[in-house]
>>> print(open('upload.tsv').read())   # TSV, C-alpha atoms
chain	number	residue	atom	x	y	z
H	1215	MET	CA	-22.89	119.97	190.88
H	1216	ALA	CA	-20.09	118.62	188.79
H	1217	LEU	CA	-17.54	121.36	188.64
H	1218	HIS	CA	-18.56	123.12	185.46
H	1219	TRP	CA	-16.30	125.94	184.36
H	1220	ALA	CA	-16.98	129.15	182.52
H	1221	LEU	CA	-14.60	131.39	180.63
H	1222	GLU	CA	-14.01	134.55	182.59
H	1223	ALA	CA	-11.26	137.14	182.27
H	1224	LEU	CA	-12.66	139.79	184.61
H	1225	CYS	CA	-11.49	140.07	188.19
H	1226	LEU	CA	-14.32	139.16	190.52
H	1227	LEU	CA	-13.68	141.64	193.27
H	1228	PRO	CA	-15.47	144.61	191.63
H	1229	LEU	CA	-18.48	142.38	190.93
H	1230	LEU	CA	-19.32	141.94	194.62
H	1231	ASN	CA	-21.04	145.21	195.44
H	1232	PRO	CA	-20.12	146.14	199.03
H	1233	GLN	CA	-23.19	148.39	199.14
H	1234	ASN	CA	-25.47	145.39	198.61
H	1235	PRO	CA	-26.44	143.92	202.02
H	1236	ALA	CA	-26.68	140.46	200.43
H	1237	CYS	CA	-22.94	140.61	199.72
H	1238	ALA	CA	-21.98	141.17	203.35
H	1239	ASN	CA	-21.20	137.49	203.96
H	1240	VAL	CA	-19.59	136.69	200.59
H	1241	THR	CA	-15.83	137.16	200.31
H	1242	ALA	CA	-13.60	137.11	197.25
H	1243	MET	CA	-9.92	137.22	198.09
H	1244	PRO	CA	-6.55	135.88	196.93
H	1245	ILE	CA	-5.89	132.18	197.48
H	1246	THR	CA	-3.15	131.53	200.02
H	1247	SER	CA	-1.40	128.37	201.16
H	1248	ALA	CA	-3.72	128.41	204.17
H	1249	THR	CA	-6.71	128.47	201.81
H	1250	LEU	CA	-5.40	125.43	199.95
H	1251	ASP	CA	-4.79	123.60	203.20
H	1252	TRP	CA	-8.39	124.35	204.27
H	1253	LEU	CA	-9.76	123.03	200.96
H	1254	ASN	CA	-7.94	119.73	201.40
H	1255	ARG	CA	-10.92	117.54	202.32
H	1256	ARG	CA	-14.07	115.97	200.93
H	1257	TRP	CA	-16.87	118.25	199.73
H	1258	PHE	CA	-20.47	117.65	198.70
H	1259	TYR	CA	-22.30	119.46	195.92
H	1260	ILE	CA	-25.51	120.92	197.39
H	1261	ALA	CA	-27.02	123.35	194.88
H	1262	SER	CA	-26.36	125.69	191.99
H	1263	ALA	CA	-27.93	128.30	189.73
H	1264	PHE	CA	-26.80	128.67	186.13
H	1265	ARG	CA	-28.00	130.80	183.24
H	1266	ASN	CA	-25.63	129.29	180.72
H	1267	PRO	CA	-27.88	126.64	179.07
H	1268	GLU	CA	-25.10	124.05	178.83
H	1269	TYR	CA	-24.19	124.33	182.50
H	1270	LYS	CA	-27.82	124.40	183.57
H	1271	GLN	CA	-28.46	121.17	181.69
H	1272	GLY	CA	-25.44	119.60	183.34
H	1273	ALA	CA	-26.73	120.58	186.77
H	1274	GLN	CA	-30.10	119.05	186.01
H	1275	GLU	CA	-28.48	115.74	185.09
H	1276	VAL	CA	-26.44	115.34	188.28
H	1277	GLU	CA	-28.24	113.22	190.86
H	1278	ALA	CA	-25.48	113.38	193.47
H	1279	GLU	CA	-21.82	114.32	193.70
H	1280	PHE	CA	-18.96	114.49	196.13
H	1281	PHE	CA	-15.31	115.19	195.45
H	1282	TYR	CA	-11.92	115.46	197.09
H	1283	PHE	CA	-9.46	118.29	196.79
H	1284	ASP	CA	-5.88	117.10	197.12
H	1285	THR	CA	-3.99	120.33	197.59
H	1286	TYR	CA	-0.34	121.25	197.51
H	1287	PRO	CA	0.01	124.44	199.60
H	1288	ARG	CA	3.39	125.39	198.10
H	1289	GLU	CA	2.36	124.69	194.51
H	1290	ASN	CA	-0.03	126.39	192.12
H	1291	SER	CA	-2.12	123.31	191.41
H	1292	VAL	CA	-4.65	121.05	193.10
H	1293	MET	CA	-6.02	117.65	192.19
H	1294	ILE	CA	-9.75	117.10	192.21
H	1295	ARG	CA	-11.23	113.58	192.39
H	1296	GLU	CA	-14.92	113.69	191.47
H	1297	HIS	CA	-17.56	111.00	192.05
H	1298	MET	CA	-20.90	111.76	190.40
H	1299	THR	CA	-24.12	109.87	189.83
H	1300	ILE	CA	-25.69	110.72	186.46
H	1301	GLY	CA	-28.48	108.61	185.03
H	1302	GLY	CA	-28.01	106.06	187.78
H	1303	ARG	CA	-24.38	105.50	186.79
H	1304	CYS	CA	-21.26	106.37	188.75
H	1305	ILE	CA	-18.81	108.61	186.92
H	1306	GLN	CA	-15.37	109.10	188.44
H	1307	ASN	CA	-12.88	111.64	187.21
H	1308	SER	CA	-9.55	113.04	188.37
H	1309	THR	CA	-7.78	116.09	187.03
H	1310	PHE	CA	-5.38	118.83	188.03
H	1311	LEU	CA	-6.57	122.42	188.41
H	1312	GLY	CA	-4.40	125.48	188.18
H	1313	VAL	CA	-4.42	127.96	191.05
H	1314	GLN	CA	-4.23	131.69	190.32
H	1315	ARG	CA	-3.48	132.92	193.80
H	1316	GLU	CA	-3.72	136.68	193.30
H	1317	ASN	CA	-6.96	136.44	191.32
H	1318	GLY	CA	-8.57	133.95	193.71
H	1319	THR	CA	-9.36	131.55	190.88
H	1320	LEU	CA	-9.09	127.89	189.94
H	1321	SER	CA	-8.68	126.90	186.31
H	1322	LYS	CA	-8.38	123.96	183.98
H	1323	THR	CA	-7.60	123.58	180.31
H	1324	VAL	CA	-9.95	121.65	178.02
H	1325	GLU	CA	-9.12	121.37	174.33
H	1326	ASP	CA	-6.72	124.32	174.48
H	1327	LYS	CA	-9.27	126.54	176.24
H	1328	VAL	CA	-8.62	127.82	179.75
H	1329	HIS	CA	-11.71	127.77	181.95
H	1330	VAL	CA	-11.79	129.73	185.21
H	1331	ALA	CA	-13.93	129.72	188.35
H	1332	HIS	CA	-13.70	132.19	191.23
H	1333	LEU	CA	-13.46	130.80	194.74
H	1334	LEU	CA	-15.92	132.61	197.05
H	1335	LEU	CA	-15.85	132.17	200.80
H	1336	LEU	CA	-18.80	132.38	203.17
H	1337	GLN	CA	-18.85	133.06	206.90
H	1338	ASP	CA	-19.28	129.35	207.61
H	1339	PRO	CA	-15.87	127.71	207.00
H	1340	ARG	CA	-17.59	124.40	206.24
H	1341	SER	CA	-18.90	125.72	202.93
H	1342	PHE	CA	-17.78	127.61	199.84
H	1343	LEU	CA	-18.98	128.79	196.45
H	1344	LEU	CA	-17.65	128.82	192.91
H	1345	GLY	CA	-18.62	131.79	190.74
H	1346	PHE	CA	-18.88	131.60	186.96
H	1347	SER	CA	-19.08	134.45	184.44
H	1348	LEU	CA	-20.52	136.75	187.08
H	1349	GLY	CA	-19.98	139.77	184.85
H	1350	ASP	CA	-22.20	138.28	182.15
H	1351	GLU	CA	-25.89	138.67	182.97
H	1352	HIS	CA	-26.91	135.94	180.51
H	1353	ASN	CA	-24.33	133.29	181.49
H	1354	ARG	CA	-23.51	133.85	185.15
H	1355	GLY	CA	-23.70	131.00	187.62
H	1356	LEU	CA	-22.98	130.00	191.18
H	1357	SER	CA	-22.44	126.56	192.75
H	1358	PHE	CA	-22.53	125.70	196.46
H	1359	TYR	CA	-20.61	123.07	198.42
H	1360	THR	CA	-20.43	121.94	202.05
H	1361	ASP	CA	-18.38	119.38	203.94
H	1362	LYS	CA	-21.48	117.33	204.77
H	1363	PRO	CA	-24.16	115.98	202.43
H	1364	GLU	CA	-26.89	118.00	204.12
H	1365	ALA	CA	-26.49	121.75	204.43
H	1366	THR	CA	-27.66	123.48	207.59
H	1367	PRO	CA	-30.42	126.11	207.42
H	1368	GLU	CA	-27.79	128.77	208.10
H	1369	GLN	CA	-25.60	127.53	205.24
H	1370	LEU	CA	-28.56	127.49	202.86
H	1371	GLU	CA	-29.47	131.03	203.85
H	1372	GLY	CA	-25.87	132.08	203.16
H	1373	PHE	CA	-26.16	130.56	199.71
H	1374	ARG	CA	-29.45	132.35	199.03
H	1375	GLU	CA	-27.85	135.64	200.06
H	1376	ALA	CA	-24.98	134.96	197.67
H	1377	ILE	CA	-27.49	134.26	194.90
H	1378	ARG	CA	-29.01	137.71	195.46
H	1379	CYS	CA	-25.55	139.26	195.74
H	1380	VAL	CA	-24.48	138.18	192.24
H	1381	GLY	CA	-27.80	139.02	190.59
H	1382	LEU	CA	-29.36	135.58	190.29
H	1383	ARG	CA	-32.85	134.57	191.43
H	1384	ALA	CA	-33.91	132.01	194.03
H	1385	SER	CA	-36.20	130.45	191.43
H	1386	GLU	CA	-33.10	129.52	189.40
H	1387	ILE	CA	-31.63	127.31	192.13
H	1388	LEU	CA	-31.30	123.55	191.54
H	1389	HIS	CA	-30.78	121.36	194.62
H	1390	VAL	CA	-29.43	117.86	195.15
H	1391	ASP	CA	-31.64	115.99	197.62
H	1392	TRP	CA	-29.27	113.73	199.52
H	1393	LYS	CA	-32.07	112.46	201.77
H	1394	LYS	CA	-33.95	111.33	198.68
H	1395	ARG	CA	-30.84	109.55	197.46
H	1396	PHE	CA	-30.15	107.74	200.75
H	1397	GLY	CA	-33.20	108.00	202.98
H	1398	GLU	CA	-33.52	109.40	206.47
H	1399	GLY	CA	-30.67	108.35	208.78
H	1400	GLU	CA	-28.58	106.96	205.91
H	1401	LEU	CA	-26.63	110.00	204.82
H	1402	PRO	CA	-22.94	109.24	204.21
H	1403	ALA	CA	-20.38	110.25	206.80
H	1404	SER	CA	-18.46	113.45	206.13
H	1405	GLN	CA	-15.04	112.17	207.19
H	1406	PRO	CA	-12.56	111.58	204.34
H	1407	SER	CA	-12.03	108.04	203.11
H	1408	GLU	CA	-9.56	106.45	200.77
H	1409	VAL	CA	-10.60	106.06	197.16
H	1410	GLY	CA	-10.74	102.35	196.32
H	1411	VAL	CA	-11.56	101.41	199.93
H	1412	ARG	CA	-14.87	103.08	200.73
H	1413	LEU	CA	-16.93	104.65	197.98
H	1414	LYS	CA	-20.42	103.61	199.01
H	1415	ASP	CA	-21.57	107.21	199.33
H	1416	LEU	CA	-23.06	107.18	195.84
H	1417	PRO	CA	-25.46	104.22	195.44
H	1418	SER	CA	-24.32	103.40	191.91
H	1419	CYS	CA	-20.59	103.53	192.78
H	1420	ARG	CA	-19.12	100.11	193.44
H	1421	VAL	CA	-15.41	99.77	194.14
H	1422	SER	CA	-13.91	96.38	194.84
>>> encode(input="upload.tsv", output="structure tokens")
Amino acid sequence: MALHWALEALCLLPLLNPQNPACANVTAMPITSATLDWLNRRWFYIASAFRNPEYKQGAQEVEAEFFYFDTYPRENSVMIREHMTIGGRCIQNSTFLGVQRENGTLSKTVEDKVHVAHLLLLQDPRSFLLGFSLGDEHNRGLSFYTDKPEATPEQLEGFREAIRCVGLRASEILHVDWKKRFGEGELPASQPSEVGVRLKDLPSCRVS
């Protein structure tokens, strides 16, 4: 979904129980320059599960989303360029995120509040997760992204395992149906494109 952010001061590492088999394929680790270089591409929002009512409502409103990470491997910041369809309208937004390398987190400041999300890696390098307030049973959340608009069965299973790992339920998952948005055989290509040249991936986005 749109990259919602939750306040979180706790380190994530202790929250991933190594004794839980569902956590075997979920990795929380410091962010390195190699990590930032790997993130530097286009990603598609696939699904999420949120208990925070505000974030859950936001996820329900998003009809489709893709975004670009423009990373700077030697700097502690990344730019995100989001393209979302909400209510049949295209919403585009660009902002800088802070990178907390040792904590494995990305952050942004909104109205003097710092909001933090933990970057979680899966076995499949074409996907990743963002974890939100995982230490808070009533507000925790997880969002799932892949480099193509349609996740593979293996990627979806990895996401479901992560859901169990952090103590969420499969019934809480909200999916974006890219096939419904575009139809069979019409899914957008996964190769990066220049903003302002080719933004036909979201039906309501029109860039001259």
>>> residues_around(input="upload.tsv", residues="Phe1358 (chain H)", least_positions_apart="6", cutoff="12 Å", atoms="all atoms listed in the file", output="number ranges by chain")
H: 1215-1218, 1257-1264, 1273, 1279-1280, 1333-1336, 1340-1346, 1364-1365, 1369-1377, 1387-1390
>>> write_last_selection(input="upload.tsv", atoms="C-alpha atoms", output="PDB file, keeping the file's coordinate frame")
ATOM      1  CA  MET H1215     -22.890 119.970 190.880  1.00  0.00           C
ATOM      2  CA  ALA H1216     -20.090 118.620 188.790  1.00  0.00           C
ATOM      3  CA  LEU H1217     -17.540 121.360 188.640  1.00  0.00           C
ATOM      4  CA  HIS H1218     -18.560 123.120 185.460  1.00  0.00           C
ATOM      5  CA  TRP H1257     -16.870 118.250 199.730  1.00  0.00           C
ATOM      6  CA  PHE H1258     -20.470 117.650 198.700  1.00  0.00           C
ATOM      7  CA  TYR H1259     -22.300 119.460 195.920  1.00  0.00           C
ATOM      8  CA  ILE H1260     -25.510 120.920 197.390  1.00  0.00           C
ATOM      9  CA  ALA H1261     -27.020 123.350 194.880  1.00  0.00           C
ATOM     10  CA  SER H1262     -26.360 125.690 191.990  1.00  0.00           C
ATOM     11  CA  ALA H1263     -27.930 128.300 189.730  1.00  0.00           C
ATOM     12  CA  PHE H1264     -26.800 128.670 186.130  1.00  0.00           C
ATOM     13  CA  ALA H1273     -26.730 120.580 186.770  1.00  0.00           C
ATOM     14  CA  GLU H1279     -21.820 114.320 193.700  1.00  0.00           C
ATOM     15  CA  PHE H1280     -18.960 114.490 196.130  1.00  0.00           C
ATOM     16  CA  LEU H1333     -13.460 130.800 194.740  1.00  0.00           C
ATOM     17  CA  LEU H1334     -15.920 132.610 197.050  1.00  0.00           C
ATOM     18  CA  LEU H1335     -15.850 132.170 200.800  1.00  0.00           C
ATOM     19  CA  LEU H1336     -18.800 132.380 203.170  1.00  0.00           C
ATOM     20  CA  ARG H1340     -17.590 124.400 206.240  1.00  0.00           C
ATOM     21  CA  SER H1341     -18.900 125.720 202.930  1.00  0.00           C
ATOM     22  CA  PHE H1342     -17.780 127.610 199.840  1.00  0.00           C
ATOM     23  CA  LEU H1343     -18.980 128.790 196.450  1.00  0.00           C
ATOM     24  CA  LEU H1344     -17.650 128.820 192.910  1.00  0.00           C
ATOM     25  CA  GLY H1345     -18.620 131.790 190.740  1.00  0.00           C
ATOM     26  CA  PHE H1346     -18.880 131.600 186.960  1.00  0.00           C
ATOM     27  CA  GLU H1364     -26.890 118.000 204.120  1.00  0.00           C
ATOM     28  CA  ALA H1365     -26.490 121.750 204.430  1.00  0.00           C
ATOM     29  CA  GLN H1369     -25.600 127.530 205.240  1.00  0.00           C
ATOM     30  CA  LEU H1370     -28.560 127.490 202.860  1.00  0.00           C
ATOM     31  CA  GLU H1371     -29.470 131.030 203.850  1.00  0.00           C
ATOM     32  CA  GLY H1372     -25.870 132.080 203.160  1.00  0.00           C
ATOM     33  CA  PHE H1373     -26.160 130.560 199.710  1.00  0.00           C
ATOM     34  CA  ARG H1374     -29.450 132.350 199.030  1.00  0.00           C
ATOM     35  CA  GLU H1375     -27.850 135.640 200.060  1.00  0.00           C
ATOM     36  CA  ALA H1376     -24.980 134.960 197.670  1.00  0.00           C
ATOM     37  CA  ILE H1377     -27.490 134.260 194.900  1.00  0.00           C
ATOM     38  CA  ILE H1387     -31.630 127.310 192.130  1.00  0.00           C
ATOM     39  CA  LEU H1388     -31.300 123.550 191.540  1.00  0.00           C
ATOM     40  CA  HIS H1389     -30.780 121.360 194.620  1.00  0.00           C
ATOM     41  CA  VAL H1390     -29.430 117.860 195.150  1.00  0.00           C
TER      42      VAL H1390
END
>>> closest_residue(input="upload.tsv", among="H:Lys1322, H:Arg1378, H:His1297, H:Arg1383", to="Val1276 (chain H)", atoms="only C-alpha atoms")
H:His1297
>>> atom_distance(input="upload.tsv", atom1="CA of Ala1331 (chain H)", atom2="CA of Pro1363 (chain H)")
22.2 Å
>>> closest_residue(input="upload.tsv", among="H:Gly1302, H:Pro1235, H:Thr1285, H:Thr1241", to="Gln1337 (chain H)", atoms="only C-alpha atoms")
H:Thr1241
>>> residues_around(input="upload.tsv", residues="Val1292 (chain H)", least_positions_apart="4", cutoff="12 Å", atoms="all atoms listed in the file", output="PyMOL selection string")
chain H and resi 1247+1249-1251+1253-1255+1282-1288+1308-1315+1319-1322
>>> write_last_selection(input="upload.tsv", atoms="C-alpha atoms", output="short mmCIF file (atom, residue, chain, number, x, y, z; two decimals), in the coordinates of the input")
data_model
loop_
_atom_site.label_atom_id
_atom_site.label_comp_id
_atom_site.auth_asym_id
_atom_site.auth_seq_id
_atom_site.Cartn_x
_atom_site.Cartn_y
_atom_site.Cartn_z
CA SER H 1247 -1.40 128.37 201.16
CA THR H 1249 -6.71 128.47 201.81
CA LEU H 1250 -5.40 125.43 199.95
CA ASP H 1251 -4.79 123.60 203.20
CA LEU H 1253 -9.76 123.03 200.96
CA ASN H 1254 -7.94 119.73 201.40
CA ARG H 1255 -10.92 117.54 202.32
CA TYR H 1282 -11.92 115.46 197.09
CA PHE H 1283 -9.46 118.29 196.79
CA ASP H 1284 -5.88 117.10 197.12
CA THR H 1285 -3.99 120.33 197.59
CA TYR H 1286 -0.34 121.25 197.51
CA PRO H 1287 0.01 124.44 199.60
CA ARG H 1288 3.39 125.39 198.10
CA SER H 1308 -9.55 113.04 188.37
CA THR H 1309 -7.78 116.09 187.03
CA PHE H 1310 -5.38 118.83 188.03
CA LEU H 1311 -6.57 122.42 188.41
CA GLY H 1312 -4.40 125.48 188.18
CA VAL H 1313 -4.42 127.96 191.05
CA GLN H 1314 -4.23 131.69 190.32
CA ARG H 1315 -3.48 132.92 193.80
CA THR H 1319 -9.36 131.55 190.88
CA LEU H 1320 -9.09 127.89 189.94
CA SER H 1321 -8.68 126.90 186.31
CA LYS H 1322 -8.38 123.96 183.98
#
>>> atom_distance(input="upload.tsv", atom1="CA of His1352 (chain H)", atom2="CA of Cys1237 (chain H)")
20.2 Å
>>> residues_around(input="upload.tsv", residues="Asn1307 (chain H)", least_positions_apart="2", cutoff="9 Å", atoms="all atoms listed in the file", output="PyMOL selection string")
chain H and resi 1294-1298+1305+1309
>>> atom_distance(input="upload.tsv", atom1="CA of Cys1379 (chain H)", atom2="CA of Glu1316 (chain H)")
22.1 Å
>>> closest_residue(input="upload.tsv", among="H:Thr1360, H:Arg1354, H:Asp1326, H:Val1380", to="Pro1339 (chain H)", atoms="only C-alpha atoms")
H:Thr1360
>>> closest_residue(input="upload.tsv", among="H:Met1293, H:Val1330, H:Ala1236, H:Ala1248", to="Asn1317 (chain H)", atoms="all atoms listed in the file")
H:Val1330
>>> build_atoms(input="upload.tsv", residues="region 1280-1291 of chain H", atoms="all heavy atoms", output="tab-separated table (two decimals), in the frame of the given file")
chain	number	residue	atom	x	y	z
H	1280	PHE	N	-19.92	114.01	195.15
H	1280	PHE	CA	-18.96	114.49	196.13
H	1280	PHE	C	-17.60	114.45	195.46
H	1280	PHE	O	-17.39	113.79	194.43
H	1280	PHE	CB	-18.98	113.67	197.43
H	1280	PHE	CG	-18.47	112.28	197.30
H	1280	PHE	CD1	-17.13	111.99	197.44
H	1280	PHE	CD2	-19.35	111.22	197.06
H	1280	PHE	CE1	-16.66	110.69	197.33
H	1280	PHE	CE2	-18.90	109.93	196.96
H	1280	PHE	CZ	-17.55	109.65	197.09
H	1281	PHE	N	-16.64	115.17	196.03
H	1281	PHE	CA	-15.31	115.19	195.45
H	1281	PHE	C	-14.28	115.50	196.53
H	1281	PHE	O	-14.61	115.99	197.62
H	1281	PHE	CB	-15.21	116.22	194.31
H	1281	PHE	CG	-15.52	117.63	194.72
H	1281	PHE	CD1	-14.54	118.49	195.18
H	1281	PHE	CD2	-16.83	118.10	194.64
H	1281	PHE	CE1	-14.84	119.79	195.56
H	1281	PHE	CE2	-17.14	119.41	195.01
H	1281	PHE	CZ	-16.15	120.25	195.48
H	1282	TYR	N	-13.05	115.18	196.22
H	1282	TYR	CA	-11.92	115.46	197.09
H	1282	TYR	C	-11.01	116.47	196.43
H	1282	TYR	O	-10.70	116.35	195.24
H	1282	TYR	CB	-11.11	114.19	197.37
H	1282	TYR	CG	-11.85	113.10	198.09
H	1282	TYR	CD1	-12.65	112.19	197.38
H	1282	TYR	CD2	-11.74	112.94	199.47
H	1282	TYR	CE1	-13.32	111.18	198.04
H	1282	TYR	CE2	-12.41	111.93	200.13
H	1282	TYR	CZ	-13.20	111.05	199.41
H	1282	TYR	OH	-13.87	110.04	200.05
H	1283	PHE	N	-10.56	117.44	197.21
H	1283	PHE	CA	-9.46	118.29	196.79
H	1283	PHE	C	-8.19	117.76	197.43
H	1283	PHE	O	-8.11	117.64	198.66
H	1283	PHE	CB	-9.68	119.73	197.25
H	1283	PHE	CG	-10.49	120.57	196.30
H	1283	PHE	CD1	-11.47	121.43	196.78
H	1283	PHE	CD2	-10.26	120.54	194.94
H	1283	PHE	CE1	-12.22	122.21	195.92
H	1283	PHE	CE2	-11.00	121.32	194.06
H	1283	PHE	CZ	-11.98	122.16	194.55
H	1284	ASP	N	-7.21	117.42	196.63
H	1284	ASP	CA	-5.88	117.10	197.12
H	1284	ASP	C	-5.00	118.30	196.80
H	1284	ASP	O	-4.66	118.53	195.64
H	1284	ASP	CB	-5.33	115.84	196.45
H	1284	ASP	CG	-6.16	114.61	196.78
H	1284	ASP	OD1	-6.69	114.54	197.90
H	1284	ASP	OD2	-6.28	113.72	195.91
H	1285	THR	N	-4.68	119.06	197.81
H	1285	THR	CA	-3.99	120.33	197.59
H	1285	THR	C	-2.51	120.25	197.92
H	1285	THR	O	-2.07	119.39	198.69
H	1285	THR	CB	-4.63	121.45	198.43
H	1285	THR	OG1	-4.44	121.16	199.83
H	1285	THR	CG2	-6.12	121.58	198.13
H	1286	TYR	N	-1.78	121.16	197.32
H	1286	TYR	CA	-0.34	121.25	197.51
H	1286	TYR	C	-0.04	122.71	197.87
H	1286	TYR	O	0.14	123.55	196.97
H	1286	TYR	CB	0.39	120.83	196.24
H	1286	TYR	CG	-0.06	119.49	195.73
H	1286	TYR	CD1	-1.15	119.39	194.84
H	1286	TYR	CD2	0.55	118.32	196.15
H	1286	TYR	CE1	-1.58	118.15	194.39
H	1286	TYR	CE2	0.12	117.07	195.70
H	1286	TYR	CZ	-0.95	117.01	194.82
H	1286	TYR	OH	-1.38	115.79	194.37
H	1287	PRO	N	-0.04	123.03	199.17
H	1287	PRO	CA	0.01	124.44	199.60
H	1287	PRO	C	1.14	125.26	199.01
H	1287	PRO	O	1.00	126.47	198.85
H	1287	PRO	CB	0.15	124.32	201.13
H	1287	PRO	CG	-0.51	123.02	201.45
H	1287	PRO	CD	-0.16	122.11	200.31
H	1288	ARG	N	2.26	124.63	198.64
H	1288	ARG	CA	3.39	125.39	198.10
H	1288	ARG	C	3.40	125.39	196.57
H	1288	ARG	O	4.32	125.95	195.98
H	1288	ARG	CB	4.70	124.82	198.64
H	1288	ARG	CG	4.85	124.99	200.14
H	1288	ARG	CD	6.24	124.57	200.60
H	1288	ARG	NE	6.41	124.77	202.05
H	1288	ARG	CZ	7.55	124.54	202.70
H	1288	ARG	NH1	8.60	124.11	202.03
H	1288	ARG	NH2	7.61	124.74	204.00
H	1289	GLU	N	2.42	124.76	195.97
H	1289	GLU	CA	2.36	124.69	194.51
H	1289	GLU	C	1.11	125.39	194.01
H	1289	GLU	O	0.16	125.61	194.75
H	1289	GLU	CB	2.38	123.24	194.05
H	1289	GLU	CG	3.64	122.48	194.46
H	1289	GLU	CD	3.64	121.06	193.95
H	1289	GLU	OE1	2.87	120.76	193.01
H	1289	GLU	OE2	4.40	120.23	194.48
H	1290	ASN	N	1.11	125.71	192.73
H	1290	ASN	CA	-0.03	126.39	192.12
H	1290	ASN	C	-0.91	125.41	191.36
H	1290	ASN	O	-1.30	125.65	190.21
H	1290	ASN	CB	0.46	127.50	191.20
H	1290	ASN	CG	1.15	128.62	191.97
H	1290	ASN	OD1	0.73	128.97	193.08
H	1290	ASN	ND2	2.20	129.18	191.40
H	1291	SER	N	-1.23	124.30	192.01
H	1291	SER	CA	-2.12	123.31	191.41
H	1291	SER	C	-2.78	122.51	192.52
H	1291	SER	O	-2.26	122.39	193.63
H	1291	SER	CB	-1.34	122.38	190.47
H	1291	SER	OG	-0.40	121.61	191.19
